[in-house]
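One file, final18.txt, carrying compact mmCIF, C-alpha atoms:
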```txt
# COMPACT_ATOMS: atom_id res chain seq x y z
CA MET A 1 -19.69 -14.72 21.31
CA THR A 2 -18.83 -18.03 19.68
CA GLU A 3 -16.32 -18.09 16.87
CA PRO A 4 -17.96 -18.50 13.47
CA THR A 5 -17.10 -21.67 11.65
CA GLN A 6 -15.53 -21.90 8.23
CA ASP A 7 -18.93 -22.95 6.87
CA VAL A 8 -20.54 -19.73 8.09
CA VAL A 9 -17.75 -17.60 6.60
CA SER A 10 -17.77 -19.57 3.34
CA ALA A 11 -21.54 -19.04 3.03
CA GLU A 12 -21.07 -15.30 3.57
CA ILE A 13 -18.37 -15.25 0.87
CA ALA A 14 -20.62 -17.15 -1.57
CA ASP A 15 -23.52 -14.80 -0.87
CA ARG A 16 -21.39 -11.73 -1.49
CA HIS A 17 -19.98 -13.20 -4.71
CA ARG A 18 -23.51 -13.91 -5.93
CA ARG A 19 -24.62 -10.36 -5.27
CA GLU A 20 -21.58 -8.85 -6.99
CA GLN A 21 -21.51 -11.14 -9.98
CA GLY A 22 -20.64 -9.20 -13.12
CA SER A 23 -19.85 -5.99 -11.20
CA GLY A 24 -16.49 -5.86 -12.95
CA ALA A 25 -14.83 -4.64 -9.73
CA VAL A 26 -11.06 -5.13 -9.80
CA HIS A 27 -10.25 -4.32 -6.20
CA PRO A 28 -11.69 -5.84 -3.05
CA ARG A 29 -14.70 -4.13 -1.51
CA ARG A 30 -13.50 -2.42 1.64
CA ASP A 31 -16.68 -3.52 3.47
CA PHE A 32 -16.10 -7.24 2.83
CA ALA A 33 -17.65 -8.54 6.06
CA PRO A 34 -16.32 -12.15 5.89
CA TYR A 35 -12.92 -10.55 6.67
CA ARG A 36 -13.93 -9.45 10.18
CA SER A 37 -11.33 -6.72 10.69
CA THR A 38 -12.97 -4.66 7.94
CA ALA A 39 -16.02 -3.99 10.15
CA LEU A 40 -14.81 -0.77 11.80
CA ARG A 41 -12.13 0.14 9.28
CA HIS A 42 -14.02 0.84 6.06
CA PRO A 43 -15.46 4.26 5.22
CA THR A 44 -19.23 4.31 4.86
CA HIS A 45 -19.35 7.46 2.72
CA GLU A 46 -18.77 7.30 -1.04
CA LEU A 47 -15.26 8.39 -1.98
CA VAL A 48 -15.18 11.95 -3.30
CA ARG A 49 -13.97 12.28 -6.86
CA ALA A 50 -10.83 14.43 -7.05
CA ASP A 51 -9.08 15.86 -10.07
CA PRO A 52 -5.47 14.74 -9.69
CA GLU A 53 -3.05 17.66 -9.56
CA GLU A 54 0.62 17.65 -10.50
CA ILE A 55 1.75 16.06 -7.25
CA GLU A 56 -0.64 13.13 -7.69
CA LEU A 57 0.35 12.61 -11.34
CA VAL A 58 3.97 11.90 -10.49
CA SER A 59 5.53 9.47 -8.06
CA PRO A 60 8.31 9.58 -5.51
CA ALA A 61 11.61 8.63 -7.11
CA PHE A 62 13.70 5.78 -5.76
CA GLY A 63 16.99 4.47 -7.05
CA HIS A 64 20.00 2.33 -6.38
CA SER A 65 21.02 4.83 -3.71
CA ASP A 66 17.98 3.58 -1.78
CA VAL A 67 18.33 -0.17 -2.33
CA ALA A 68 21.39 -2.41 -2.37
CA ALA A 69 21.51 -5.20 -4.97
CA HIS A 70 21.62 -7.98 -2.34
CA GLU A 71 18.30 -6.84 -0.87
CA SER A 72 16.51 -8.78 -3.62
CA ASP A 73 17.83 -12.09 -2.26
CA LEU A 74 16.12 -13.01 1.01
CA THR A 75 18.23 -16.16 1.35
CA VAL A 76 21.59 -14.41 1.85
CA GLN A 77 20.80 -12.00 4.68
CA HIS A 78 22.21 -14.18 7.49
CA ALA A 79 25.20 -16.38 8.23
CA GLY A 80 23.44 -19.57 7.17
CA ALA A 81 20.92 -20.61 4.55
CA PRO A 82 17.24 -20.45 5.56
CA SER A 83 15.12 -23.59 5.80
CA GLY A 84 12.57 -24.32 3.12
CA GLU A 85 12.07 -24.49 -0.61
CA ARG A 86 14.25 -21.94 -2.43
CA ILE A 87 12.31 -20.10 -5.15
CA VAL A 88 12.81 -17.34 -7.71
CA VAL A 89 9.92 -14.96 -8.43
CA THR A 90 10.27 -12.77 -11.49
CA GLY A 91 8.09 -10.66 -13.75
CA HIS A 92 7.41 -7.18 -15.02
CA VAL A 93 5.68 -4.16 -13.55
CA LEU A 94 3.65 -2.38 -16.23
CA ASP A 95 1.29 0.55 -16.39
CA GLY A 96 -2.21 0.32 -17.85
CA GLU A 97 -0.91 0.93 -21.36
CA GLY A 98 1.59 -1.89 -21.06
CA ARG A 99 4.59 0.40 -20.60
CA PRO A 100 7.28 -0.69 -18.15
CA VAL A 101 7.38 0.96 -14.75
CA ARG A 102 11.12 1.68 -14.73
CA ASN A 103 13.52 2.12 -11.86
CA GLN A 104 10.83 2.02 -9.24
CA LEU A 105 10.74 0.56 -5.77
CA ILE A 106 9.28 -2.85 -4.93
CA GLU A 107 9.16 -3.96 -1.30
CA VAL A 108 8.37 -7.52 -0.18
CA TRP A 109 7.79 -9.26 3.12
CA GLN A 110 6.62 -12.73 4.04
CA ALA A 111 6.43 -15.53 6.58
CA ASN A 112 9.16 -18.17 6.71
CA ALA A 113 8.76 -21.74 5.44
CA SER A 114 6.92 -22.68 8.65
CA GLY A 115 4.40 -19.89 8.31
CA ARG A 116 5.89 -17.58 10.95
CA TYR A 117 6.74 -13.89 10.51
CA ALA A 118 9.81 -12.42 12.17
CA HIS A 119 7.45 -9.90 13.76
CA LYS A 120 6.79 -9.40 17.45
CA ARG A 121 3.02 -9.54 17.04
CA ASP A 122 3.08 -12.95 15.33
CA GLN A 123 2.29 -15.48 18.06
CA HIS A 124 1.82 -18.53 15.81
CA PRO A 125 3.68 -21.39 17.57
CA ALA A 126 5.76 -22.30 14.54
CA PRO A 127 9.55 -21.98 14.62
CA LEU A 128 11.31 -18.76 13.78
CA ASP A 129 14.22 -19.25 11.38
CA PRO A 130 17.40 -17.49 12.56
CA ASN A 131 18.49 -17.36 8.92
CA PHE A 132 15.36 -15.73 7.55
CA THR A 133 13.92 -12.28 8.17
CA GLY A 134 11.63 -12.31 5.15
CA VAL A 135 12.08 -8.71 4.02
CA GLY A 136 13.41 -7.52 0.66
CA ARG A 137 13.58 -4.58 -1.74
CA ILE A 138 14.15 -4.32 -5.47
CA ILE A 139 14.47 -1.46 -7.96
CA THR A 140 12.83 -2.45 -11.27
CA GLY A 141 14.96 -2.53 -14.40
CA ASP A 142 14.63 -0.34 -17.50
CA ASP A 143 12.15 -2.89 -18.85
CA GLY A 144 10.10 -2.87 -15.62
CA SER A 145 11.46 -6.29 -14.67
CA TYR A 146 12.17 -7.55 -11.18
CA ARG A 147 13.68 -10.74 -9.81
CA LEU A 148 13.45 -11.98 -6.26
CA THR A 149 15.11 -14.99 -4.63
CA THR A 150 13.46 -16.26 -1.48
CA ILE A 151 11.96 -19.25 0.35
CA LYS A 152 8.43 -20.41 -0.33
CA PRO A 153 6.40 -19.12 2.64
CA GLY A 154 4.21 -21.47 4.66
CA ALA A 155 0.47 -21.16 5.25
CA TYR A 156 -0.46 -19.95 8.71
CA PRO A 157 -3.49 -19.76 11.00
CA TRP A 158 -5.20 -16.51 11.95
CA ARG A 159 -8.13 -15.58 14.14
CA ASN A 160 -10.72 -14.41 11.65
CA HIS A 161 -12.87 -17.44 12.44
CA ARG A 162 -12.44 -20.97 13.79
CA ASN A 163 -9.73 -22.90 11.92
CA ALA A 164 -8.93 -19.99 9.60
CA TRP A 165 -5.74 -20.41 7.55
CA ARG A 166 -4.12 -17.98 5.13
CA PRO A 167 -2.94 -19.45 1.83
CA ALA A 168 0.83 -19.05 1.35
CA HIS A 169 1.59 -15.56 0.07
CA ILE A 170 4.25 -12.91 -0.34
CA HIS A 171 3.31 -9.27 0.40
CA PHE A 172 4.34 -6.84 -2.34
CA SER A 173 4.37 -3.04 -2.32
CA PHE A 174 4.66 -1.08 -5.59
CA PHE A 175 5.11 2.51 -6.68
CA GLY A 176 4.00 3.43 -10.19
CA THR A 177 4.68 6.44 -12.37
CA ALA A 178 1.94 8.37 -10.56
CA PHE A 179 1.22 8.37 -6.85
CA THR A 180 -2.37 7.33 -7.59
CA GLN A 181 -0.96 4.01 -8.92
CA ARG A 182 0.42 3.10 -5.50
CA LEU A 183 -0.41 -0.54 -4.71
CA ILE A 184 0.09 -2.98 -1.86
CA THR A 185 -1.06 -6.52 -2.52
CA GLN A 186 -0.24 -10.21 -1.99
CA MET A 187 1.09 -12.78 -4.46
CA TYR A 188 -0.14 -16.35 -4.13
CA PHE A 189 1.08 -19.73 -5.39
CA PRO A 190 -0.78 -21.83 -7.98
CA GLY A 191 -3.15 -24.57 -6.85
CA ASP A 192 -3.37 -23.60 -3.19
CA PRO A 193 -6.19 -25.62 -1.55
CA LEU A 194 -6.93 -22.72 0.82
CA PHE A 195 -7.97 -20.27 -1.91
CA GLY A 196 -11.69 -20.99 -1.68
CA LEU A 197 -11.71 -20.65 2.11
CA ASP A 198 -9.79 -17.39 2.52
CA PRO A 199 -11.88 -14.24 2.97
CA ILE A 200 -8.94 -11.97 2.11
CA PHE A 201 -8.27 -13.61 -1.26
CA GLN A 202 -12.02 -13.98 -1.89
CA SER A 203 -12.63 -10.29 -1.10
CA ILE A 204 -11.84 -9.81 -4.79
CA THR A 205 -15.21 -10.97 -6.10
CA ASP A 206 -14.25 -11.26 -9.79
CA PRO A 207 -12.56 -14.64 -10.46
CA ALA A 208 -10.46 -13.22 -13.31
CA ALA A 209 -9.17 -10.44 -11.07
CA ARG A 210 -8.37 -12.94 -8.29
CA ALA A 211 -6.41 -15.05 -10.75
CA ARG A 212 -4.14 -12.07 -11.43
CA LEU A 213 -2.71 -12.44 -7.91
CA VAL A 214 -1.62 -16.03 -8.52
CA ALA A 215 1.90 -16.53 -9.85
CA GLU A 216 2.48 -19.08 -12.59
CA TYR A 217 5.01 -21.87 -12.23
CA ASP A 218 7.56 -21.32 -15.02
CA HIS A 219 10.04 -24.10 -15.63
CA GLY A 220 12.12 -21.71 -17.71
CA VAL A 221 12.67 -19.63 -14.57
CA SER A 222 13.60 -22.64 -12.41
CA GLU A 223 17.33 -23.09 -11.98
CA PRO A 224 18.83 -26.60 -12.14
CA GLU A 225 19.95 -27.97 -8.77
CA TRP A 226 18.99 -24.65 -7.16
CA ALA A 227 15.48 -23.13 -7.18
CA LEU A 228 11.93 -23.42 -8.52
CA GLY A 229 10.74 -20.51 -10.65
CA TYR A 230 7.54 -18.48 -10.61
CA ARG A 231 6.43 -15.70 -12.91
CA TRP A 232 4.13 -12.88 -11.82
CA ASP A 233 3.41 -9.74 -13.81
CA VAL A 234 1.84 -6.71 -12.19
CA VAL A 235 -0.19 -3.89 -13.72
CA LEU A 236 -0.60 -0.50 -12.04
CA THR A 237 -3.21 1.77 -13.57
CA GLY A 238 -4.57 5.16 -12.74
CA PRO A 239 -4.39 8.68 -14.04
CA ARG A 240 -0.98 9.86 -15.07
CA ALA A 241 0.39 12.88 -16.80
CA THR A 242 0.20 11.40 -20.33
CA TRP A 243 -1.88 14.27 -21.61
CA THR A 244 0.85 16.78 -20.80
CA GLU A 245 3.49 14.88 -22.75
CA PRO A 246 4.28 15.52 -26.42
CA GLU A 247 3.26 12.70 -28.73
CA ASP A 248 6.82 11.58 -29.36
CA ALA A 249 7.37 10.99 -25.65
CA ASP A 250 5.60 7.63 -25.59
CA ASP A 251 8.60 5.82 -24.25
CA ALA A 252 9.76 8.60 -21.95
CA MET B 253 -4.63 -3.38 -22.54
CA PRO B 254 -3.22 -5.21 -19.55
CA GLU B 255 -5.58 -5.40 -16.61
CA GLN B 256 -5.04 -3.88 -13.19
CA THR B 257 -3.62 -6.04 -10.44
CA PRO B 258 -6.01 -6.03 -7.47
CA SER B 259 -5.16 -4.74 -4.01
CA GLN B 260 -4.92 -6.77 -0.80
CA THR B 261 -4.56 -5.62 2.79
CA VAL B 262 -1.13 -4.70 4.14
CA GLY B 263 -1.99 -7.07 7.02
CA PRO B 264 -0.67 -6.88 10.59
CA PHE B 265 2.94 -7.93 10.02
CA PHE B 266 4.53 -5.10 7.99
CA GLY B 267 6.29 -3.52 10.96
CA HIS B 268 9.67 -5.12 10.27
CA ALA B 269 9.43 -4.46 6.53
CA LEU B 270 7.95 -1.10 5.57
CA PRO B 271 8.75 1.48 8.26
CA TYR B 272 12.35 2.67 8.07
CA VAL B 273 14.70 4.96 9.96
CA GLY B 274 14.00 8.54 8.94
CA GLY B 275 10.76 7.57 7.21
CA PRO B 276 8.64 10.20 8.97
CA GLU B 277 11.26 12.94 8.52
CA VAL B 278 10.60 14.19 5.02
CA ARG B 279 12.29 17.41 6.11
CA ALA B 280 14.75 17.20 9.00
CA PRO B 281 12.89 18.62 12.04
CA TRP B 282 15.78 20.95 12.92
CA GLN B 283 15.48 22.75 9.57
CA PRO B 284 13.94 26.21 9.99
CA ASP B 285 11.29 25.51 7.33
CA ALA B 286 10.19 22.16 8.81
CA ILE B 287 6.58 21.76 9.92
CA ARG B 288 5.03 19.02 12.01
CA LEU B 289 1.99 17.18 10.63
CA HIS B 290 0.55 14.81 13.19
CA GLY B 291 -2.63 13.24 14.48
CA THR B 292 -4.35 10.00 15.38
CA VAL B 293 -5.93 7.33 13.18
CA LEU B 294 -9.30 6.21 14.56
CA ASP B 295 -11.71 3.41 13.63
CA GLY B 296 -15.50 3.40 13.49
CA ALA B 297 -15.77 2.93 17.26
CA GLY B 298 -13.49 5.90 17.88
CA SER B 299 -10.67 3.60 18.99
CA PRO B 300 -7.11 4.33 17.92
CA VAL B 301 -5.72 2.18 15.09
CA PRO B 302 -2.31 1.00 16.31
CA ASP B 303 -1.37 -0.90 13.15
CA ALA B 304 -1.88 1.60 10.33
CA LEU B 305 0.82 2.72 7.95
CA LEU B 306 0.64 6.25 6.58
CA GLU B 307 2.50 7.74 3.65
CA VAL B 308 2.74 11.40 2.72
CA TRP B 309 3.71 12.86 -0.63
CA GLY B 310 3.94 16.57 -1.10
CA ALA B 311 5.41 19.26 -3.32
CA ASP B 312 8.19 21.56 -2.18
CA GLU B 313 7.62 25.09 -0.94
CA SER B 314 7.39 26.39 -4.49
CA GLY B 315 4.69 23.83 -5.39
CA LEU B 316 6.92 21.55 -7.45
CA PRO B 317 7.09 17.78 -6.90
CA SER B 318 10.59 16.63 -6.00
CA THR B 319 12.39 14.31 -8.41
CA GLU B 320 15.15 13.69 -5.88
CA ARG B 321 15.87 10.03 -5.11
CA GLY B 322 16.85 8.83 -1.68
CA SER B 323 13.65 8.68 0.38
CA LEU B 324 14.93 5.48 2.06
CA HIS B 325 18.41 6.83 2.83
CA ARG B 326 17.87 10.51 3.24
CA ASP B 327 20.24 13.33 2.55
CA PRO B 328 19.68 15.40 5.71
CA LEU B 329 19.75 18.56 3.63
CA GLY B 330 17.54 17.20 0.87
CA PHE B 331 13.83 16.99 0.24
CA THR B 332 12.26 14.07 -1.63
CA GLY B 333 8.67 14.87 -0.65
CA PHE B 334 7.89 11.29 0.40
CA GLY B 335 7.53 9.99 3.93
CA ARG B 336 6.22 6.95 5.73
CA ALA B 337 5.17 6.40 9.36
CA ALA B 338 3.55 3.54 11.21
CA THR B 339 1.05 4.55 13.88
CA SER B 340 2.09 4.04 17.50
CA ASP B 341 0.26 1.85 20.02
CA ASP B 342 -2.10 4.77 20.66
CA GLY B 343 -2.79 5.29 16.95
CA ALA B 344 -0.66 8.42 16.67
CA TYR B 345 1.50 9.47 13.75
CA THR B 346 3.94 12.35 13.26
CA PHE B 347 5.65 13.63 10.14
CA SER B 348 8.18 16.38 9.75
CA THR B 349 7.98 17.97 6.30
CA VAL B 350 7.63 21.35 4.61
CA LYS B 351 4.44 23.21 3.89
CA PRO B 352 4.15 22.86 0.14
CA GLY B 353 3.28 25.64 -2.25
CA PRO B 354 0.09 25.28 -4.29
CA THR B 355 0.65 23.02 -7.30
CA ARG B 356 -1.87 24.91 -9.49
CA PRO B 357 -3.07 28.48 -9.65
CA GLY B 358 -6.35 28.63 -7.74
CA SER B 359 -5.58 25.53 -5.69
CA ALA B 360 -4.77 25.52 -2.01
CA PRO B 361 -1.60 23.79 -0.79
CA TYR B 362 -1.93 20.25 0.52
CA VAL B 363 -0.02 17.06 1.26
CA VAL B 364 -1.35 13.76 -0.13
CA VAL B 365 -1.87 11.15 2.59
CA THR B 366 -2.24 7.39 2.04
CA VAL B 367 -3.62 5.03 4.69
CA PHE B 368 -2.85 1.30 4.80
CA ALA B 369 -3.99 -0.99 7.62
CA ARG B 370 -4.94 -4.48 8.63
CA GLY B 371 -8.67 -4.73 7.89
CA LEU B 372 -8.35 -2.26 5.04
CA LEU B 373 -8.43 -4.29 1.83
CA HIS B 374 -7.61 -1.37 -0.44
CA HIS B 375 -5.67 1.63 0.79
CA LEU B 376 -7.29 5.06 1.14
CA LEU B 377 -6.10 8.39 -0.21
CA THR B 378 -6.87 11.80 1.22
CA ARG B 379 -5.33 15.28 1.37
CA ALA B 380 -4.14 17.34 4.32
CA TYR B 381 -4.89 21.02 3.69
CA PHE B 382 -3.80 23.72 6.16
CA ALA B 383 -6.16 25.75 8.36
CA ASP B 384 -4.00 28.89 8.12
CA GLU B 385 -4.59 29.03 4.35
CA ALA B 386 -8.23 30.07 4.74
CA ASP B 387 -8.33 32.29 1.64
CA ALA B 388 -6.81 29.64 -0.63
CA ASN B 389 -8.95 26.91 0.94
CA ALA B 390 -12.10 28.93 0.25
CA THR B 391 -11.49 28.77 -3.51
CA ASP B 392 -9.84 25.34 -3.78
CA PRO B 393 -11.69 23.24 -6.39
CA LEU B 394 -11.72 20.05 -4.32
CA LEU B 395 -12.64 21.65 -0.99
CA ARG B 396 -15.50 23.48 -2.70
CA ARG B 397 -16.83 20.19 -4.06
CA VAL B 398 -16.94 18.58 -0.59
CA GLU B 399 -20.08 19.14 1.51
CA ALA B 400 -19.46 21.96 3.97
CA ASP B 401 -19.98 19.78 7.05
CA ARG B 402 -17.31 17.29 5.94
CA ARG B 403 -14.75 19.77 4.58
CA GLY B 404 -13.02 20.16 7.92
CA THR B 405 -11.88 16.53 7.85
CA LEU B 406 -9.43 17.53 5.09
CA VAL B 407 -7.98 20.54 6.91
CA ALA B 408 -5.17 20.22 9.45
CA ALA B 409 -5.63 22.54 12.44
CA VAL B 410 -2.85 24.81 13.68
CA ASP B 411 -1.96 23.47 17.14
CA GLY B 412 1.35 25.16 17.81
CA PRO B 413 4.19 27.00 16.13
CA ARG B 414 4.75 25.29 12.74
CA SER B 415 2.58 22.39 13.91
CA TYR B 416 -0.59 21.04 12.30
CA ARG B 417 -2.93 18.36 13.55
CA LEU B 418 -5.15 16.14 11.41
CA ASP B 419 -6.93 13.10 12.84
CA LEU B 420 -8.00 10.47 10.33
CA ARG B 421 -11.30 8.72 11.03
CA LEU B 422 -11.80 5.64 8.92
CA GLN B 423 -15.52 5.38 9.71
CA GLY B 424 -18.36 6.91 11.70
CA PRO B 425 -18.98 10.43 13.01
CA GLY B 426 -16.48 12.83 11.45
CA GLU B 427 -15.39 10.22 8.91
CA THR B 428 -12.51 11.58 6.85
CA VAL B 429 -13.24 12.44 3.24
CA PHE B 430 -11.33 9.89 1.17
CA LEU B 431 -10.65 10.49 -2.48
CA ASP B 432 -11.17 8.70 -5.76
CA TYR B 433 -8.94 9.82 -8.61
CA GLY B 434 -10.72 7.88 -11.32
CA THR B 435 -8.65 4.76 -10.73
CA PRO B 436 -10.31 1.36 -11.35
CA ARG B 437 -12.62 0.16 -8.60
```
Conversion result in structure tokens:
Amino acid sequence: MTEPTQDVVSAEIADRHRREQGSGAVHPRRDFAPYRSTALRHPTHELVRADPEEIELVSPAFGHSDVAAHESDLTVQHAGAPSGERIVVTGHVLDGEGRPVRNQLIEVWQANASGRYAHKRDQHPAPLDPNFTGVGRIITGDDGSYRLTTIKPGAYPWRNHRNAWRPAHIHFSFFGTAFTQRLITQMYFPGDPLFGLDPIFQSITDPAARARLVAEYDHGVSEPEWALGYRWDVVLTGPRATWTEPEDADDA
Amino acid sequence: MPEQTPSQTVGPFFGHALPYVGGPEVRAPWQPDAIRLHGTVLDGAGSPVPDALLEVWGADESGLPSTERGSLHRDPLGFTGFGRAATSDDGAYTFSTVKPGPTRPGSAPYVVVTVFARGLLHHLLTRAYFADEADANATDPLLRRVEADRRGTLVAAVDGPRSYRLDLRLQGPGETVFLDYGTPR
């Protein structure tokens, strides 16, 4: 079987976008064929609607006993400084009503500045950086805020099709106030020329929803003589136990 | 109202980031009340999925969710209810946890299971019920809603003393029933 070209994959993406125009879908379709690995890994049955019970309406609790403060700085985990462009990424994690998701766990992982993961399965012939593992954790503040210091990751090739390249991204994992709000996603950088070509990014067929994965450059976050700043806010929605709370517990 | 942030796949390279020491041991296996919940994750061709990440979240034996912190650095005597395990090269996973109590009158006990994987753009949620709770399972509101010929995909079989087996099939014959809780699509 010959490898499909970018043109073939791009045409498939365009076709799927046309068919789903106005669907209002937030999340990617699990059967998004331009991303080839979905073929045997998406369920073909409709999901069955479940009434969330108590366990699904709350979330595992994490705290500072789980995460050390320095884990939010990916540039200080080794003896030397990592190569690449130092950046700060900050923002808030909110629920669907705009309330902060407080004291919850965020996990991040990413490639180094050359586009290589410190992972045994990554065979991309770009240099590993002995001063960069690319893994971090943060506990959100009382206002749902987080702040991460890292290196801007590089783009990297993958084998979805011929000459396939992933836009630069940082993987993020979130816990909400209910387990049904659990989210793993990827944050991208503004203006990436690979956006239109990437079947993973384009698996979100609504352009407004896609844009919510792109951080904004924020000069107010940049630190003089030190780091460029990006802002990215995240919203986790889903059923939660609001209906069991008394009315005066809005900020509980 | 702020709008939901979309999901993206966990990708292939989470192995140095998300799994952690003690992740699969929600309840220390040497504890007398510990159970084993294990199985294999399979794709639509019936092949094992060696790069899936599973999470479990369950109530304690009295049916109450734990509010204990410390899932990442466990107290060996504690119970946070949350666990995480990457599948092995042959697609297998194993958790040690407790068998929860039912969280509602009329409901059967279950553990919530989340599946993340390369090729899976949005994670999947399901429940692991227990085959030795036949009476409770027969009246459980969710199990009753699922077509009879698919119900078994939600029920972990007893395969040894305090051991339960549940294979997760992402697609194809015997496809696991995955759940929608009314979250945005």
Give one line per residue of chain B that approaches chain A to at most 6 Å, naming the two atoms of the closest pair and their distance in Å to one decimal, counting all atoms listed in the file; sort by chain then ascending residue number and deliver it as a Markdown table.
```
| residue | atom | partner | partner_atom | distance |
| --- | --- | --- | --- | --- |
| B:Met253 | CA | A:Glu97 | CA | 5.8 |
| B:Pro254 | CA | A:Gly96 | CA | 5.9 |
| B:Gln256 | CA | A:Val235 | CA | 4.9 |
| B:Thr257 | CA | A:Val235 | CA | 5.2 |
| B:Pro258 | CA | A:His27 | CA | 4.7 |
| B:Ser259 | CA | A:Thr185 | CA | 4.7 |
| B:Gln260 | CA | A:Thr185 | CA | 4.2 |
| B:Ala269 | CA | A:Val135 | CA | 5.6 |
| B:Asp295 | CA | A:Arg41 | CA | 5.5 |
| B:Gly296 | CA | A:Leu40 | CA | 4.6 |
| B:Pro317 | CA | A:Ile55 | CA | 5.6 |
| B:Thr319 | CA | A:Ala61 | CA | 5.9 |
| B:Arg321 | CA | A:Phe62 | CA | 4.8 |
| B:Gly322 | CA | A:Asp66 | CA | 5.4 |
| B:Leu324 | CA | A:Asp66 | CA | 5.3 |
| B:His325 | CA | A:Asp66 | CA | 5.7 |
| B:Gly371 | CA | A:Thr38 | CA | 4.3 |
| B:Leu372 | CA | A:Thr38 | CA | 6.0 |
| B:Leu373 | CA | A:Arg30 | CA | 5.4 |
| B:Leu422 | CA | A:Pro43 | CA | 5.4 |
| B:Gln423 | CA | A:Pro43 | CA | 4.6 |
| B:Phe430 | CA | A:Leu47 | CA | 5.3 |
| B:Leu431 | CA | A:Val48 | CA | 4.8 |
| B:Asp432 | CA | A:Arg49 | CA | 4.7 |
| B:Tyr433 | CA | A:Ala50 | CA | 5.2 |
| B:Thr435 | CA | A:Gly238 | CA | 4.6 |
| B:Arg437 | CA | A:Ala25 | CA | 5.4 |
```
query: Suppose you want the space between atom CA of B:Thr378 and atom CA of B:Leu406; what is it in Å?
result: 7.4 Å
query: With all atoms listed in the file as the atoms that count, which of B:Ala344, B:Val410, B:Leu418, B:Ala360 lies nearest to B:Ala390?
result: B:Ala360
message: Under the rule that only C-alpha atoms are counted, which of B:Tyr416, B:Arg396, B:Thr349, B:Ala311 is the nearest residue to B:Trp282?
response: B:Thr349
- prompt: Of the candidates B:Leu377, B:Val350, B:Ala383, B:Ala408, which one gets nearest to B:Ser314 if we count all atoms listed in the file?
  reply: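 Going through B:Leu377, B:Val350, B:Ala383, B:Ala408 one by one, the smallest distance to B:Ser314 is for B:Val350.
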message: I'd like the interatomic distance between atom CA of A:Pro167 and atom CA of B:His374, to a tenth of an Å.
response: 18.8 Å
- prompt: A:Gly22: which residues within 10 Å, counting all atoms listed in the file, same-chain residues fewer than 3 positions away excluded, as a list in words?
  reply: His17, Arg18, Arg19, Ala25, Thr205 and Asp206 of chain A
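Nearest residue to B:Leu270 among A:Phe174, A:Val101, A:Trp232, A:Arg159 is A:Phe174, counting all atoms listed in the file.
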- request: For stretch 361-367 of chain B, please output as an MDAnalysis selection string all residues within 6 Å (counting only C-alpha atoms; exclusion window: fewer than 5 positions along the same chain).
  value: chainID B and resid 305:310 352:354 375:381
query: Between atom CA of A:Tyr188 and atom CA of A:Ile170, what is the distance, to one decimal in Å?
result: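 A separation of 6.7 Å between them.
The neighbours of B:Pro276 here are the residues that come within 8 Å of it, using all atoms listed in the file and leaving out any residue fewer than 5 positions away in the same chain; they are B:Gly335, B:Arg336, B:Ala337, B:Thr346, B:Phe347, B:Ser348.
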- prompt: For A:Ile13, which residue out of A:Ser145, A:Gln104, A:Asn163, A:Gln202 is the nearest one, using only C-alpha atoms?
  reply: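 For A:Ile13, the nearest of the given residues is A:Gln202.
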